[in-house]
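Participant: Provided below: target39.pdb, containing PDB, C-alpha atoms.
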```pdb
ATOM      1  CA  MET A 608      25.012  -6.896 -46.431
ATOM      2  CA  SER A 609      22.307  -8.072 -44.065
ATOM      3  CA  SER A 610      18.729  -7.131 -44.831
ATOM      4  CA  VAL A 611      16.598  -5.060 -42.472
ATOM      5  CA  VAL A 612      14.605  -8.151 -41.527
ATOM      6  CA  GLU A 613      17.766 -10.085 -40.661
ATOM      7  CA  VAL A 614      19.109  -7.236 -38.534
ATOM      8  CA  VAL A 615      15.872  -6.927 -36.565
ATOM      9  CA  THR A 616      15.683 -10.700 -36.092
ATOM     10  CA  ALA A 617      19.241 -10.785 -34.727
ATOM     11  CA  GLU A 618      18.444  -7.913 -32.374
ATOM     12  CA  CYS A 619      15.429  -9.827 -31.103
ATOM     13  CA  GLN A 620      17.620 -12.770 -30.130
ATOM     14  CA  ALA A 621      20.025 -10.495 -28.264
ATOM     15  CA  ILE A 622      17.159  -8.829 -26.411
ATOM     16  CA  LYS A 623      15.820 -12.218 -25.313
ATOM     17  CA  VAL A 624      18.811 -12.726 -23.011
ATOM     18  CA  LYS A 625      18.372  -9.238 -21.543
ATOM     19  CA  GLN A 626      14.680  -9.971 -21.016
ATOM     20  CA  GLN A 627      15.497 -12.968 -18.830
ATOM     21  CA  LEU A 628      17.939 -10.947 -16.706
ATOM     22  CA  PHE A 629      15.434  -8.114 -16.379
ATOM     23  CA  GLN A 630      12.726 -10.523 -15.196
ATOM     24  CA  LYS A 631      15.059 -11.975 -12.563
ATOM     25  CA  THR A 632      15.748  -8.469 -11.232
ATOM     26  CA  LEU A 633      12.026  -7.718 -11.153
ATOM     27  CA  ASP A 634      11.271 -10.894  -9.209
ATOM     28  CA  ASP A 635      13.840  -9.895  -6.587
ATOM     29  CA  ASP A 636      12.327  -6.407  -6.323
ATOM     30  CA  TYR A 637       8.824  -7.855  -5.960
ATOM     31  CA  ASP A 638       9.992 -10.081  -3.092
ATOM     32  CA  ILE A 639      11.640  -7.132  -1.333
ATOM     33  CA  ILE A 640       8.385  -5.143  -1.477
ATOM     34  CA  LEU A 641       6.381  -8.099  -0.153
ATOM     35  CA  ASP A 642       8.801  -8.504   2.762
ATOM     36  CA  GLN A 643       8.545  -4.783   3.511
ATOM     37  CA  ALA A 644       4.735  -4.932   3.496
ATOM     38  CA  LYS A 645       4.724  -7.882   5.899
ATOM     39  CA  GLU A 646       7.090  -6.075   8.267
ATOM     40  CA  ILE A 647       4.943  -2.923   8.173
ATOM     41  CA  VAL A 648       1.849  -4.912   9.148
ATOM     42  CA  GLU A 649       3.738  -6.636  11.956
ATOM     43  CA  LYS A 650       4.786  -3.244  13.356
ATOM     44  CA  ARG A 651       1.445  -1.475  12.874
ATOM     45  CA  SER A 652       1.074  -0.997  16.632
ATOM     46  CA  VAL A 653       4.327   0.972  16.576
ATOM     47  CA  TYR A 654       3.631   2.969  13.418
ATOM     48  CA  GLY A 655      -0.041   3.676  14.106
ATOM     49  CA  GLU A 656      -2.960   3.256  11.697
ATOM     50  CA  GLU A 657      -2.314   6.279   9.477
ATOM     51  CA  ALA A 658       1.396   5.627   9.030
ATOM     52  CA  THR A 659       0.727   1.935   8.374
ATOM     53  CA  ARG A 660      -1.811   2.791   5.700
ATOM     54  CA  GLU A 661       0.531   5.285   4.025
ATOM     55  CA  LEU A 662       3.475   2.874   4.097
ATOM     56  CA  LEU A 663       1.407   0.079   2.569
ATOM     57  CA  LYS A 664       0.119   2.502  -0.052
ATOM     58  CA  SER A 665       3.729   3.342  -0.899
ATOM     59  CA  CYS A 666       4.532  -0.367  -1.272
ATOM     60  CA  GLU A 667       1.603  -0.813  -3.634
ATOM     61  CA  GLU A 668       2.541   2.229  -5.719
ATOM     62  CA  THR A 669       6.131   1.006  -6.041
ATOM     63  CA  MET A 670       4.935  -2.402  -7.177
ATOM     64  CA  ARG A 671       2.574  -0.797  -9.689
ATOM     65  CA  LEU A 672       5.526   1.038 -11.209
ATOM     66  CA  LEU A 673       7.423  -2.234 -11.444
ATOM     67  CA  VAL A 674       4.436  -3.889 -13.111
ATOM     68  CA  GLN A 675       4.240  -1.026 -15.605
ATOM     69  CA  ALA A 676       7.948  -1.369 -16.347
ATOM     70  CA  GLN A 677       7.496  -5.104 -16.808
ATOM     71  CA  ALA A 678       4.574  -4.563 -19.183
ATOM     72  CA  GLN A 679       6.565  -2.006 -21.182
ATOM     73  CA  HIS A 680       9.614  -4.244 -21.422
ATOM     74  CA  LYS A 681       7.503  -7.267 -22.338
ATOM     75  CA  ALA A 682       5.714  -5.314 -25.072
ATOM     76  CA  GLN A 683       9.005  -4.071 -26.494
ATOM     77  CA  PHE A 684      10.381  -7.592 -26.636
ATOM     78  CA  GLN A 685       7.240  -8.969 -28.261
ATOM     79  CA  ALA A 686       7.205  -6.059 -30.701
ATOM     80  CA  LEU A 687      10.680  -6.988 -31.912
ATOM     81  CA  GLN A 688       9.356 -10.439 -32.723
ATOM     82  CA  VAL A 689       6.406  -8.991 -34.624
ATOM     83  CA  VAL A 690       8.257  -6.262 -36.523
ATOM     84  CA  PRO A 691      10.101  -8.576 -38.985
ATOM     85  CA  THR A 692       6.750  -9.862 -40.241
ATOM     86  CA  ARG A 693       5.718  -6.302 -41.105
ATOM     87  CA  LEU A 694       8.851  -5.387 -43.033
ATOM     88  CA  SER A 695      10.328  -6.131 -46.407
ATOM     89  CA  ASN A 696      13.937  -6.013 -47.539
ATOM     90  CA  SER A 697      13.241  -2.609 -49.042
ATOM     91  CA  SER A 698      11.985  -1.129 -45.762
ATOM     92  CA  SER A 699      13.708   2.036 -44.589
ATOM     93  CA  PRO A 700      14.846   2.814 -41.012
ATOM     94  CA  ALA A 701      11.772   5.028 -40.721
ATOM     95  CA  ASP A 702       9.579   2.053 -41.629
ATOM     96  CA  VAL A 703      11.259  -0.035 -38.924
ATOM     97  CA  GLU A 704      10.722   2.679 -36.317
ATOM     98  CA  LYS A 705       7.074   3.093 -37.290
ATOM     99  CA  ALA A 706       6.408  -0.662 -37.241
ATOM    100  CA  TYR A 707       8.115  -1.017 -33.862
ATOM    101  CA  ALA A 708       6.168   1.855 -32.268
ATOM    102  CA  SER A 709       2.890   0.514 -33.641
ATOM    103  CA  ALA A 710       3.536  -3.030 -32.423
ATOM    104  CA  THR A 711       4.578  -1.833 -28.954
ATOM    105  CA  ALA A 712       1.440   0.288 -28.569
ATOM    106  CA  GLU A 713      -0.737  -2.667 -29.545
ATOM    107  CA  LEU A 714       0.927  -5.084 -27.143
ATOM    108  CA  ILE A 715       1.430  -3.084 -23.961
ATOM    109  CA  SER A 716      -1.187  -3.547 -21.260
ATOM    110  CA  SER A 717      -0.005  -2.703 -17.748
ATOM    111  CA  GLU A 718      -3.533  -3.208 -16.387
ATOM    112  CA  GLU A 719      -3.670  -6.768 -17.677
ATOM    113  CA  GLU A 720      -0.129  -7.400 -16.453
ATOM    114  CA  GLN A 721      -1.116  -6.119 -13.018
ATOM    115  CA  SER A 722      -4.238  -8.281 -12.778
ATOM    116  CA  ASN A 723      -2.244 -11.389 -13.735
ATOM    117  CA  ASN A 724       0.820 -10.658 -11.603
ATOM    118  CA  GLU A 725       0.961 -13.157  -8.732
ATOM    119  CA  LYS A 726       3.282 -10.987  -6.628
ATOM    120  CA  TYR A 727       0.907  -8.036  -6.944
ATOM    121  CA  LYS A 728      -2.003 -10.271  -5.935
ATOM    122  CA  ARG A 729      -0.071 -11.366  -2.841
ATOM    123  CA  LEU A 730       0.597  -7.743  -1.907
ATOM    124  CA  ARG A 731      -3.095  -6.911  -2.255
ATOM    125  CA  GLU A 732      -3.923  -9.862   0.009
ATOM    126  CA  ILE A 733      -1.562  -8.482   2.668
ATOM    127  CA  ILE A 734      -3.094  -4.996   2.399
ATOM    128  CA  ASP A 735      -6.692  -6.244   2.330
ATOM    129  CA  LYS A 736      -6.069  -8.433   5.364
ATOM    130  CA  ALA A 737      -4.499  -5.510   7.232
ATOM    131  CA  GLU A 738      -7.457  -3.269   6.417
ATOM    132  CA  GLY A 739      -9.887  -5.984   7.437
ATOM    133  CA  CYS A 740      -8.175  -6.375  10.798
ATOM    134  CA  SER A 741      -7.957  -2.655  11.529
ATOM    135  CA  ASP A 742     -11.281  -2.647  13.350
ATOM    136  CA  ALA A 743     -10.649  -5.895  15.191
ATOM    137  CA  GLY A 744      -9.532  -6.010  18.787
ATOM    138  CA  PRO A 745      -5.832  -6.315  19.626
ATOM    139  CA  SER A 746      -4.197  -9.681  20.090
ATOM    140  CA  GLN A 747      -3.716 -11.428  23.375
ATOM    141  CA  ALA A 748      -0.217  -9.988  23.489
ATOM    142  CA  ASP A 749      -1.849  -6.672  24.367
ATOM    143  CA  ASP A 750      -3.644  -8.074  27.393
ATOM    144  CA  MET A 751      -1.088  -6.521  29.710
ATOM    145  CA  GLY A 752      -0.658  -2.767  29.724
ATOM    146  CA  ASP A 753       2.681  -0.991  29.948
ATOM    147  CA  ASP A 754       2.128  -0.512  33.659
ATOM    148  CA  GLY A 755       1.584  -4.227  34.263
ATOM    149  CA  PHE A 756      -2.181  -4.055  34.859
ATOM    150  CA  ALA A 757      -4.401  -6.616  33.194
ATOM    151  CA  MET A 758      -6.446  -4.783  30.569
ATOM    152  CA  THR A 759     -10.008  -5.508  29.531
ATOM    153  CA  GLN A 760     -11.263  -5.419  25.941
ATOM    154  CA  ALA A 761     -12.772  -1.999  26.613
ATOM    155  CA  THR A 762      -9.500  -0.637  27.956
ATOM    156  CA  ARG A 763      -7.507  -1.953  24.999
ATOM    157  CA  SER A 764      -9.794  -0.141  22.573
ATOM    158  CA  LEU A 765      -9.174   3.176  24.330
ATOM    159  CA  LYS A 766      -5.733   3.651  22.838
ATOM    160  CA  CYS A 767      -5.303   6.364  20.202
ATOM    161  CA  ASP A 768      -4.269   4.698  16.939
ATOM    162  CA  LEU A 769      -2.434   7.813  15.795
ATOM    163  CA  LEU A 770      -0.170   8.273  18.809
ATOM    164  CA  VAL A 771      -0.350   4.700  20.114
ATOM    165  CA  VAL A 772      -1.024   5.969  23.654
ATOM    166  CA  GLU A 773      -4.015   5.583  25.932
ATOM    167  CA  MET A 774      -6.510   8.412  25.834
ATOM    168  CA  THR A 775      -7.500  10.364  28.937
ATOM    169  CA  PRO A 776     -10.816  11.876  30.074
ATOM    170  CA  THR A 777      -9.492  15.430  29.722
ATOM    171  CA  GLY A 778      -6.568  17.299  28.230
ATOM    172  CA  GLU A 779      -4.841  16.927  24.888
ATOM    173  CA  HIS A 780      -5.301  13.155  24.879
ATOM    174  CA  ARG A 781      -9.078  13.334  25.319
ATOM    175  CA  PRO A 782     -11.080  11.258  22.798
ATOM    176  CA  MET A 783     -12.658  12.869  19.753
ATOM    177  CA  LYS A 784     -15.172  11.061  17.539
ATOM    178  CA  GLY A 785     -15.607  11.577  13.804
ATOM    179  CA  PRO A 786     -18.788  11.335  11.701
ATOM    180  CA  CYS A 787     -17.784   7.778  10.790
ATOM    181  CA  GLY A 788     -17.662   6.794  14.463
ATOM    182  CA  HIS A 789     -13.905   6.320  14.733
ATOM    183  CA  VAL A 790     -12.191   7.813  17.754
ATOM    184  CA  PHE A 791      -8.761   9.402  18.134
ATOM    185  CA  SER A 792      -7.105  11.659  20.659
ATOM    186  CA  TYR A 793      -7.336  15.430  20.272
ATOM    187  CA  LYS A 794      -3.552  15.725  20.005
ATOM    188  CA  GLY A 795      -3.341  12.919  17.459
ATOM    189  CA  LEU A 796      -5.925  14.594  15.238
ATOM    190  CA  GLN A 797      -4.196  17.949  15.539
ATOM    191  CA  GLY A 798      -0.962  16.509  14.244
ATOM    192  CA  THR A 799      -2.607  14.473  11.493
ATOM    193  CA  LEU A 800      -5.426  16.562  10.068
ATOM    194  CA  LYS A 801      -4.377  20.117  10.913
ATOM    195  CA  ASN A 802      -6.199  22.314   8.375
ATOM    196  CA  LYS A 803      -6.725  19.723   5.661
ATOM    197  CA  THR A 804      -9.463  17.368   4.561
ATOM    198  CA  MET A 805      -8.512  13.735   4.064
ATOM    199  CA  LYS A 806      -9.729  10.183   4.569
ATOM    200  CA  CYS A 807     -10.383   9.161   8.151
ATOM    201  CA  PRO A 808      -7.057   8.013   9.672
ATOM    202  CA  LYS A 809      -8.601   4.647  10.553
ATOM    203  CA  MET A 810      -7.282   2.062   8.118
ATOM    204  CA  GLY A 811      -9.992   0.899   5.740
ATOM    205  CA  CYS A 812     -12.265   3.912   6.330
ATOM    206  CA  ASN A 813     -12.901   6.071   3.258
ATOM    207  CA  GLN A 814     -14.882   8.820   5.011
ATOM    208  CA  GLN A 815     -13.560  12.281   4.102
ATOM    209  CA  VAL A 816     -13.054  14.281   7.297
ATOM    210  CA  CYS A 817     -11.449  17.451   8.603
ATOM    211  CA  PHE A 818     -10.440  18.402  12.137
ATOM    212  CA  THR A 819     -13.655  20.312  12.862
ATOM    213  CA  ASP A 820     -15.755  17.231  12.025
ATOM    214  CA  PHE A 821     -14.593  15.583  15.246
ATOM    215  CA  VAL A 822     -16.447  16.202  18.487
ATOM    216  CA  GLU A 823     -15.743  15.210  22.062
ATOM    217  CA  ALA A 824     -16.606  11.532  22.490
ATOM    218  CA  LYS A 825     -18.545  11.605  25.754
ATOM    219  CA  ASP A 826     -19.349   7.894  25.670
ATOM    220  CA  VAL A 827     -15.665   7.044  25.326
ATOM    221  CA  ILE A 828     -14.758   9.472  28.114
ATOM    222  CA  LYS A 829     -17.159   7.546  30.331
ATOM    223  CA  GLU A 830     -15.473   4.263  29.400
ATOM    224  CA  ILE A 831     -12.047   5.727  30.157
ATOM    225  CA  LYS A 832     -13.174   6.843  33.607
ATOM    226  CA  GLN A 833     -14.602   3.396  34.294
ATOM    227  CA  ALA A 834     -11.359   1.748  33.191
ATOM    228  CA  LEU A 835      -9.334   4.053  35.431
ATOM    229  CA  ARG A 836     -11.537   3.209  38.406
ATOM    230  CA  LEU A 837     -11.038  -0.501  37.731
ATOM    231  CA  ARG A 838      -7.284  -0.022  37.774
ATOM    232  CA  GLU A 839      -7.447   1.708  41.126
ATOM    233  CA  THR A 840      -9.341  -1.165  42.749
TER     234      THR A 840
END
```
Render the structure in this file as structure tokens.
Facilitator:
Amino acid sequence: MSSVVEVVTAECQAIKVKQQLFQKTLDDDYDIILDQAKEIVEKRSVYGEEATRELLKSCEETMRLLVQAQAQHKAQFQALQVVPTRLSNSSSPADVEKAYASATAELISSEEEQSNNEKYKRLREIIDKAEGCSDAGPSQADDMGDDGFAMTQATRSLKCDLLVVEMTPTGEHRPMKGPCGHVFSYKGLQGTLKNKTMKCPKMGCNQQVCFTDFVEAKDVIKEIKQALRLRET
């Protein structure tokens, strides 16, 4: 009859093959998340700033869960290698279970796994770059408006990030400015904030705001009127 140590050692060898297959599956999942994040950033003008931020946050949370699963699986595999050194041929099943649980707890470190995970680092680079560009002006591809008019830098910046439509001097699309200085349309804020307090919808801004914090942006209204006059000439 095989000893406890021999049984655990044999199990460790069997798990090694499963570990390799599990890692291959994880790598594929990581790549899928990275591709999704890149596509979200590419379509940010369609999704709007708030939706883009939430979608990227979802990508990061999913990858964190994968990293945690990887750390757990890695610790379990390493624990099986350690357990035989902590047992004797007279060890009982309870001793094996206790040694395994103790070794797993000592080895698992999802935080360390996350900080060393290259795929997670790449995702953070994508997110950080997107947040860093959120306050930058649009690309040259936006130089022409939907109506065919050439648009100035000022005109391009007068589009509501939440609804992805140009704001107007009056009405539901009039500009509203928050305490952080970011501007959105009245209608966009109504649909986003409603009666709740949350971070400013502008990607990268951590200012906590509510709907009543926003006031009519008179300076932006002036810019909109100027832009409209330019279009008419």
Participant: Using the chain letters and numbering of this document, enumerate as a PyMOL selection string the residues selected by the PyMOL selection byres ((chain A and resi 665-671) around 7).
Facilitator: chain A and resi 637+640+644+661-664+672-675+727
Participant: Which residues are close to Lys726 in chain A, i.e. within 8 Å by all atoms listed in the file, leaving aside same-chain residues fewer than 3 positions away? Reply as a PyMOL selection string.
Facilitator: chain A and resi 637-638+641+729-730
Participant: Hey, which of A:Asp635, A:Asp820, A:Asp702, A:Asp768 ends up closest to Leu800 in chain A? Count only C-alpha atoms.
Facilitator: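 Counting only C-alpha atoms, the residue closest to Leu800 in chain A is A:Asp820.
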Participant: Hey, can you check how far CA of Leu765 in chain A sits from CA of Lys645 in chain A?
Facilitator: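 According to the coordinates, CA of Leu765 in chain A and CA of Lys645 in chain A are separated by 25.6 Å.
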Participant: Which residue is closest to Phe684 in chain A? Choose from A:Lys650, A:Lys784, A:Lys829, A:Lys625 and count only C-alpha atoms.
Facilitator: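 Answer, going by the shortest atom-to-atom distance: A:Lys625.
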